[in-house]
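Visitor: Here you go, this is start-v6.txt (compact mmCIF, C-alpha atoms).
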# COMPACT_ATOMS: atom_id res chain seq x y z
CA MET M 1 3.71 -12.44 26.67
CA PRO M 2 3.60 -16.11 25.55
CA ASN M 3 4.18 -18.77 28.22
CA SER M 4 7.76 -20.03 27.86
CA ASN M 5 7.12 -23.16 29.98
CA ARG M 6 4.64 -24.95 27.73
CA SER M 7 5.01 -28.67 27.27
CA PRO M 8 5.35 -30.30 23.83
CA ALA M 9 1.74 -31.42 24.17
CA ASP M 10 0.65 -27.82 24.82
CA LEU M 11 2.48 -26.65 21.70
CA ARG M 12 1.00 -29.43 19.57
CA ASN M 13 -2.49 -28.58 20.79
CA MET M 14 -2.05 -24.87 20.07
CA PHE M 15 -0.73 -25.61 16.60
CA GLY M 16 -3.58 -28.05 15.91
CA GLU M 17 -6.20 -25.54 17.10
CA ASN M 18 -4.73 -22.78 14.95
CA LEU M 19 -4.52 -25.06 11.95
CA ARG M 20 -8.20 -26.00 12.35
CA VAL M 21 -9.16 -22.31 12.39
CA LEU M 22 -7.13 -21.61 9.25
CA ALA M 23 -8.45 -24.74 7.49
CA LYS M 24 -12.07 -23.57 7.89
CA LYS M 25 -11.49 -21.06 5.10
CA TYR M 26 -11.09 -23.93 2.59
CA PRO M 27 -13.83 -26.24 1.25
CA SER M 28 -12.17 -29.54 2.17
CA ILE M 29 -9.22 -30.95 4.09
CA SER M 30 -8.35 -33.15 1.12
CA GLU M 31 -8.03 -30.14 -1.19
CA LEU M 32 -6.09 -28.16 1.40
CA SER M 33 -3.60 -30.95 2.12
CA ARG M 34 -3.13 -31.44 -1.64
CA ARG M 35 -2.37 -27.74 -2.13
CA LEU M 36 0.08 -27.86 0.77
CA GLY M 37 1.75 -31.01 -0.57
CA ILE M 38 1.16 -32.84 2.73
CA ASN M 39 -0.18 -36.36 3.09
CA ARG M 40 -3.83 -36.25 4.21
CA THR M 41 -3.24 -38.69 7.09
CA GLN M 42 -0.26 -36.69 8.35
CA PHE M 43 -2.19 -33.44 8.02
CA ASN M 44 -4.99 -34.89 10.16
CA ARG M 45 -2.40 -35.68 12.84
CA TYR M 46 -1.35 -32.03 12.84
CA LEU M 47 -5.00 -30.98 13.13
CA SER M 48 -5.61 -33.26 16.12
CA GLY M 49 -2.46 -32.14 17.94
CA GLU M 50 -0.87 -35.59 17.70
CA SER M 51 2.18 -34.48 15.75
CA PHE M 52 4.46 -31.55 14.87
CA PRO M 53 5.53 -30.80 11.30
CA ARG M 54 9.20 -30.83 10.33
CA PRO M 55 10.78 -27.35 10.13
CA ASP M 56 10.55 -27.30 6.32
CA VAL M 57 6.89 -28.36 6.41
CA LEU M 58 6.13 -25.77 9.11
CA ASP M 59 7.72 -23.11 6.89
CA ARG M 60 5.53 -24.26 3.98
CA ILE M 61 2.38 -24.08 6.12
CA CYS M 62 3.27 -20.61 7.47
CA SER M 63 4.00 -19.28 3.97
CA PHE M 64 0.75 -20.67 2.61
CA PHE M 65 -1.40 -19.12 5.34
CA GLU M 66 0.73 -15.94 5.56
CA VAL M 67 1.47 -16.37 9.28
CA ASP M 68 4.72 -16.91 11.19
CA ALA M 69 6.06 -19.51 13.61
CA ARG M 70 4.10 -17.95 16.48
CA ILE M 71 1.37 -20.25 15.21
CA LEU M 72 2.90 -22.68 17.76
CA LEU M 73 2.52 -20.25 20.66
CA GLU M 74 -0.45 -17.89 20.21
CA PRO M 75 -4.04 -18.10 18.93
CA VAL M 76 -4.21 -17.35 15.24
CA SER M 77 -6.68 -14.52 15.90
CA ALA M 78 -3.95 -12.68 17.81
CA LEU M 79 -1.50 -13.22 14.93
CA GLU M 80 -3.93 -11.84 12.35
CA ASN M 81 -4.57 -8.67 14.36
CA SER M 82 -1.05 -8.11 15.69
CA GLY M 83 0.51 -4.90 14.35
CA GLN M 84 -2.34 -4.34 11.89
CA THR M 85 -4.13 -1.17 12.87
CA LEU M 86 -6.24 -0.77 9.73
CA ASN M 87 -6.98 -4.49 9.49
CA GLY M 88 -7.41 -4.93 13.23
CA PRO M 89 -10.74 -5.48 14.98
CA VAL M 90 -11.54 -1.77 15.43
CA LEU M 91 -11.07 -0.53 11.83
CA LYS M 92 -11.14 -3.64 9.62
CA GLU M 93 -14.75 -3.19 8.44
CA PHE M 94 -14.32 0.58 7.96
CA LEU M 95 -10.83 1.17 6.52
CA GLY M 96 -9.25 -2.26 6.23
CA ILE M 97 -11.76 -3.59 3.73
CA GLY M 98 -10.63 -1.06 1.11
CA LEU M 99 -7.00 -2.14 1.46
CA LYS M 100 -7.79 -5.72 0.51
CA SER M 101 -10.26 -4.99 -2.31
CA LEU M 102 -8.23 -2.96 -4.78
CA PRO M 103 -7.81 -5.03 -7.97
CA GLN M 104 -5.19 -4.35 -10.61
CA ASP M 105 -7.76 -3.24 -13.18
CA VAL M 106 -8.91 -0.47 -10.84
CA PHE M 107 -5.45 0.83 -9.93
CA PRO M 108 -2.57 -1.20 -11.40
CA ASP M 109 0.96 -1.62 -10.11
CA GLY M 110 3.84 0.21 -11.76
CA PHE M 111 5.25 3.70 -12.17
CA TYR M 112 3.05 6.79 -12.34
CA ARG M 113 3.93 10.29 -13.48
CA PHE M 114 2.08 12.85 -11.36
CA SER M 115 1.63 16.59 -11.65
CA ARG M 116 0.13 19.22 -9.36
CA ARG M 117 0.50 22.88 -8.48
CA SER M 118 3.32 23.58 -6.02
CA PHE M 119 2.30 24.14 -2.42
CA ILE M 120 5.10 26.66 -1.86
CA ASN M 121 5.02 28.55 -5.18
CA ASP M 122 1.62 29.02 -6.84
CA SER M 123 3.20 29.93 -10.16
CA ARG M 124 5.04 26.61 -10.51
CA PHE M 125 4.01 22.98 -10.84
CA ILE M 126 5.54 19.79 -9.45
CA VAL M 127 6.01 16.84 -11.81
CA GLY M 128 7.33 13.62 -10.33
CA LEU M 129 7.29 9.83 -10.25
CA VAL M 130 5.81 7.37 -7.79
CA TYR M 131 5.84 3.59 -7.73
CA VAL M 132 2.76 1.55 -6.75
CA PHE M 133 3.23 -2.07 -5.67
CA ARG M 134 1.37 -4.86 -3.89
CA ARG M 135 2.52 -6.76 -0.82
CA ASP M 136 0.41 -9.29 1.10
CA GLY M 137 -2.63 -8.29 -0.92
CA GLN M 138 -2.35 -4.56 -0.12
CA ALA M 139 -1.29 -1.68 -2.37
CA PHE M 140 1.44 0.75 -1.39
CA VAL M 141 3.01 3.84 -2.96
CA ARG M 142 6.60 5.09 -2.77
CA GLY M 143 8.36 8.15 -4.16
CA PHE M 144 10.71 11.06 -3.49
CA GLU M 145 10.07 14.77 -3.00
CA ALA M 146 11.63 17.11 -5.55
CA LYS M 147 15.04 18.39 -4.42
CA GLU M 148 14.21 21.99 -5.31
CA ALA M 149 11.06 21.88 -3.16
CA MET M 150 13.07 20.58 -0.20
CA ARG M 151 15.76 23.25 -0.67
CA GLN M 152 13.20 26.05 -0.72
CA GLN M 153 11.94 24.86 2.65
CA GLY M 154 15.46 24.65 4.09
CA LEU M 155 15.26 20.86 4.36
CA SER M 156 17.81 18.15 3.63
CA VAL M 157 17.84 16.90 0.04
CA ASP M 158 19.35 13.47 0.69
CA ALA M 159 17.31 10.47 -0.43
CA SER M 160 16.31 9.40 3.08
CA ALA M 161 14.80 12.79 3.89
CA ARG M 162 13.02 13.08 0.53
CA GLU M 163 11.47 9.60 0.49
CA PHE M 164 7.75 9.20 1.14
CA ARG M 165 5.56 6.13 1.38
CA GLY M 166 1.90 5.41 1.89
CA TYR M 167 -0.96 3.01 1.40
CA VAL M 168 -3.69 2.92 -1.25
CA THR M 169 -7.31 2.04 -0.49
CA ARG M 170 -10.36 1.68 -2.69
CA GLN M 171 -13.16 4.25 -2.60
CA GLU M 172 -16.63 4.09 -4.13
CA ASP M 173 -15.52 5.68 -7.42
CA GLY M 174 -11.73 5.93 -7.12
CA VAL M 175 -8.81 5.43 -4.78
CA ALA M 176 -7.46 7.26 -1.75
CA MET M 177 -3.87 7.39 -0.51
CA VAL M 178 -2.43 8.43 2.81
CA ILE M 179 1.26 9.31 2.34
CA SER M 180 3.95 10.39 4.79
CA ARG M 181 7.63 11.22 4.83
CA ARG M 182 9.94 9.29 7.13
CA ASN M 183 9.17 9.62 10.87
CA SER M 184 5.73 11.06 10.00
CA MET M 185 7.32 14.46 9.35
CA THR M 186 4.52 15.42 6.95
CA CYS M 187 1.37 13.70 5.76
CA SER M 188 -0.98 14.14 2.82
CA PHE M 189 -4.35 12.76 1.78
CA ASN M 190 -4.78 12.01 -1.91
CA TYR M 191 -7.92 11.16 -3.87
CA LEU M 192 -7.98 10.03 -7.51
CA ALA M 193 -10.67 8.93 -9.97
CA ARG M 194 -10.08 7.50 -13.43
CA VAL M 195 -10.86 9.72 -16.41
CA ALA M 196 -11.53 8.82 -20.03
CA SER M 197 -8.36 8.77 -22.14
CA PHE M 198 -7.05 6.93 -25.18
CA GLU M 199 -5.16 4.32 -23.14
CA ASN M 200 -7.40 4.56 -20.04
CA ASN M 201 -4.31 5.38 -17.98
CA PHE M 202 -5.12 8.74 -16.35
CA TRP M 203 -6.54 9.60 -12.95
CA VAL M 204 -7.41 13.07 -11.65
CA GLY M 205 -8.25 14.23 -8.16
CA TYR M 206 -6.65 16.31 -5.45
CA VAL M 207 -4.07 16.27 -2.69
CA THR M 208 -4.27 17.96 0.69
CA ARG M 209 -1.41 18.45 3.13
CA THR M 210 -1.47 18.47 6.92
CA VAL M 211 -0.32 21.99 7.74
CA ARG M 212 -1.87 24.91 9.58
CA GLU M 213 -3.94 27.43 7.68
CA SER M 214 -1.91 30.24 6.12
CA ALA M 215 -2.91 33.35 4.22
CA SER M 216 -0.17 32.77 1.66
CA GLY M 217 0.11 28.96 1.47
CA THR M 218 -1.93 26.35 -0.40
CA ARG M 219 -3.19 23.29 1.44
CA ALA M 220 -5.19 21.56 -1.31
CA THR M 221 -4.79 21.40 -5.08
CA ARG M 222 -5.72 19.27 -8.10
CA MET M 223 -3.47 16.39 -9.02
CA VAL M 224 -3.06 14.11 -12.06
CA TYR M 225 -1.65 10.57 -12.15
CA GLU M 226 -0.56 8.97 -15.42
CA HIS M 227 0.15 5.23 -15.37
CA LEU M 228 3.42 4.35 -17.12
CA GLY M 229 3.59 0.72 -15.99
CA GLN M 230 7.05 -0.81 -16.22
CA HIS M 231 7.96 0.67 -19.62
CA ARG M 232 11.60 1.65 -19.13
CA THR M 233 11.77 4.32 -21.83
CA SER M 234 8.61 6.08 -20.56
CA VAL M 235 9.81 5.88 -16.96
CA PHE M 236 13.25 7.29 -17.77
CA ASP M 237 11.72 10.07 -19.88
CA ALA M 238 9.39 10.95 -17.00
CA ALA M 239 12.27 10.95 -14.52
CA ARG M 240 14.27 13.35 -16.71
CA GLY M 241 11.28 15.68 -16.97
CA ALA M 242 10.51 15.69 -13.24
CA GLY M 243 10.89 18.76 -11.01
CA PHE M 244 9.54 22.33 -10.84
CA LEU M 245 7.88 23.37 -14.12
CA THR M 246 6.00 26.36 -15.44
CA GLU M 247 2.45 25.91 -16.67
CA ASP M 248 3.58 26.07 -20.30
CA ALA M 249 6.04 23.21 -19.71
CA LEU M 250 3.36 20.79 -18.51
CA MET M 251 2.34 17.94 -20.81
CA PRO M 252 -0.82 19.07 -22.68
CA PHE M 253 -3.20 16.45 -21.25
CA HIS M 254 -1.86 17.00 -17.74
CA ARG M 255 -2.45 20.75 -18.13
CA ARG M 256 -5.96 20.13 -19.43
CA LEU M 257 -6.87 17.93 -16.45
CA LEU M 258 -5.26 20.27 -13.89
CA GLN M 259 -7.31 23.24 -15.17
CA PRO M 260 -4.79 25.83 -13.86
CA GLU M 261 -7.12 28.70 -14.75
CA GLN M 262 -9.92 27.33 -12.56
CA PRO M 263 -9.78 27.70 -8.74
CA PHE M 264 -9.84 24.42 -6.85
CA ARG M 265 -12.98 23.83 -4.80
Would you write out, as structure tokens, the structure that this file holds?

Guide:
Amino acid sequence: MPNSNRSPADLRNMFGENLRVLAKKYPSISELSRRLGINRTQFNRYLSGESFPRPDVLDRICSFFEVDARILLEPVSALENSGQTLNGPVLKEFLGIGLKSLPQDVFPDGFYRFSRRSFINDSRFIVGLVYVFRRDGQAFVRGFEAKEAMRQQGLSVDASAREFRGYVTRQEDGVAMVISRRNSMTCSFNYLARVASFENNFWVGYVTRTVRESASGTRATRMVYEHLGQHRTSVFDAARGAGFLTEDALMPFHRRLLQPEQPFR
């Protein structure tokens, strides 16, 4: 827990030390102070621990470096690792690197229509919508389970119970997603790779769910993602066509990529 009895000099020194660490990522102090809109002489006083910034300037500095006001109290290394499991010191070079290296041309933001075979009824297919977005340089996914699928499992169909979210990370030749419903009630692993199409907007892969083995249930199946972007008409059309569908009701290219007649391996 941070020391609550630090003197103003202690706080200035901590801020100056943190600012020096953050400034090392930039080629010159002159360029950095220009980008921050802070006088070079004044910025040097912050670096040396001689002066505090005004609240509005502190807010500007924190926003620029994507840190918070704890920059006055704790080493910046602790701030960067705090609450970041995948980007923390243990997993950053293994899992975290993929979170920060997923460009828009590899997997763009926007709405996606997805389709896959139902886990609870092998003769039906699920078609739905998800939304992919970036925040702090990382890609996330959000969507809602189909109401009919929730009803068949005796689960609540309100929006809070149906919502799922997850993160997207880059793989060698595609993307992976780990997705969960609220309170980690269920979890799935998803893998997708881009396939050739007229608009280069289709991905195919598979989804697996975290359930025990069952003689009658399916735990892994092929899945298709179609990027719709932000096009309102396409998104609304996809939303109206979402739900449980028969194989014949699938969109032709989705059906072709899902290969319903071929067992998944």

Visitor: What does the structure give for the distance between atom CA of Leu72 of chain M and atom CA of Lys92 of chain M, in Å to one decimal?

Guide: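 Between atom CA of Leu72 of chain M and atom CA of Lys92 of chain M the gap works out to 25.0 Å.
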
Visitor: Given the choices M:Ile29, M:Ala139, M:Ala249, M:Val67, which gets closest to Lys100 of chain M if the distance is worked out from only C-alpha atoms?

Guide: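 Result for the nearest residue to Lys100 of chain M: M:Ala139.
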
Visitor: So that I can see what lies close to segment 53-55 of chain M, please list as a CSV table (one decimal) with C-alpha atoms, in the frame of the given file the residues with an atom at most 10 Å from it, counting all atoms listed in the file and leaving out residues fewer than 4 positions away in the same chain.

Guide:
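So the final result, stored in result.csv, reads:
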chain,number,residue,atom,x,y,z
M,12,ARG,CA,1.0,-29.4,19.6
M,15,PHE,CA,-0.7,-25.6,16.6
M,38,ILE,CA,1.2,-32.8,2.7
M,42,GLN,CA,-0.3,-36.7,8.4
M,43,PHE,CA,-2.2,-33.4,8.0
M,45,ARG,CA,-2.4,-35.7,12.8
M,46,TYR,CA,-1.4,-32.0,12.8
M,59,ASP,CA,7.7,-23.1,6.9
M,60,ARG,CA,5.5,-24.3,4.0
M,61,ILE,CA,2.4,-24.1,6.1
M,69,ALA,CA,6.1,-19.5,13.6

Visitor: Find the residue from M:Thr210, M:Ser48, M:Asn87, M:Ser30 that sits nearest to Ser184 of chain M; use only C-alpha atoms when measuring.

Guide: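 Closest candidate: M:Thr210.
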
Visitor: Taking all atoms listed in the file into account, name the residue in M:Asn5, M:Leu99, M:Arg222, M:Glu148 that is nearest to Gly166 of chain M.

Guide: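 Of M:Asn5, M:Leu99, M:Arg222, M:Glu148, the one nearest Gly166 of chain M, counting all atoms listed in the file, is M:Leu99.
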
Visitor: Find, counting all atoms listed in the file, the residue in M:Val21, M:Leu192, M:Ala242, M:Val106 that gets nearest to Ala149 of chain M.

Guide: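 For Ala149 of chain M, the nearest of the given residues is M:Ala242.
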
Visitor: Go through M:Gly96, M:Pro252, M:Gly110, M:Gly16 one by one, measure the shortest atom-to-atom distance of each to Val76 of chain M using all atoms listed in the file, and give the residue with the smallest value.

Guide: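 Residue with the minimum atom-to-atom distance to Val76 of chain M: M:Gly16.
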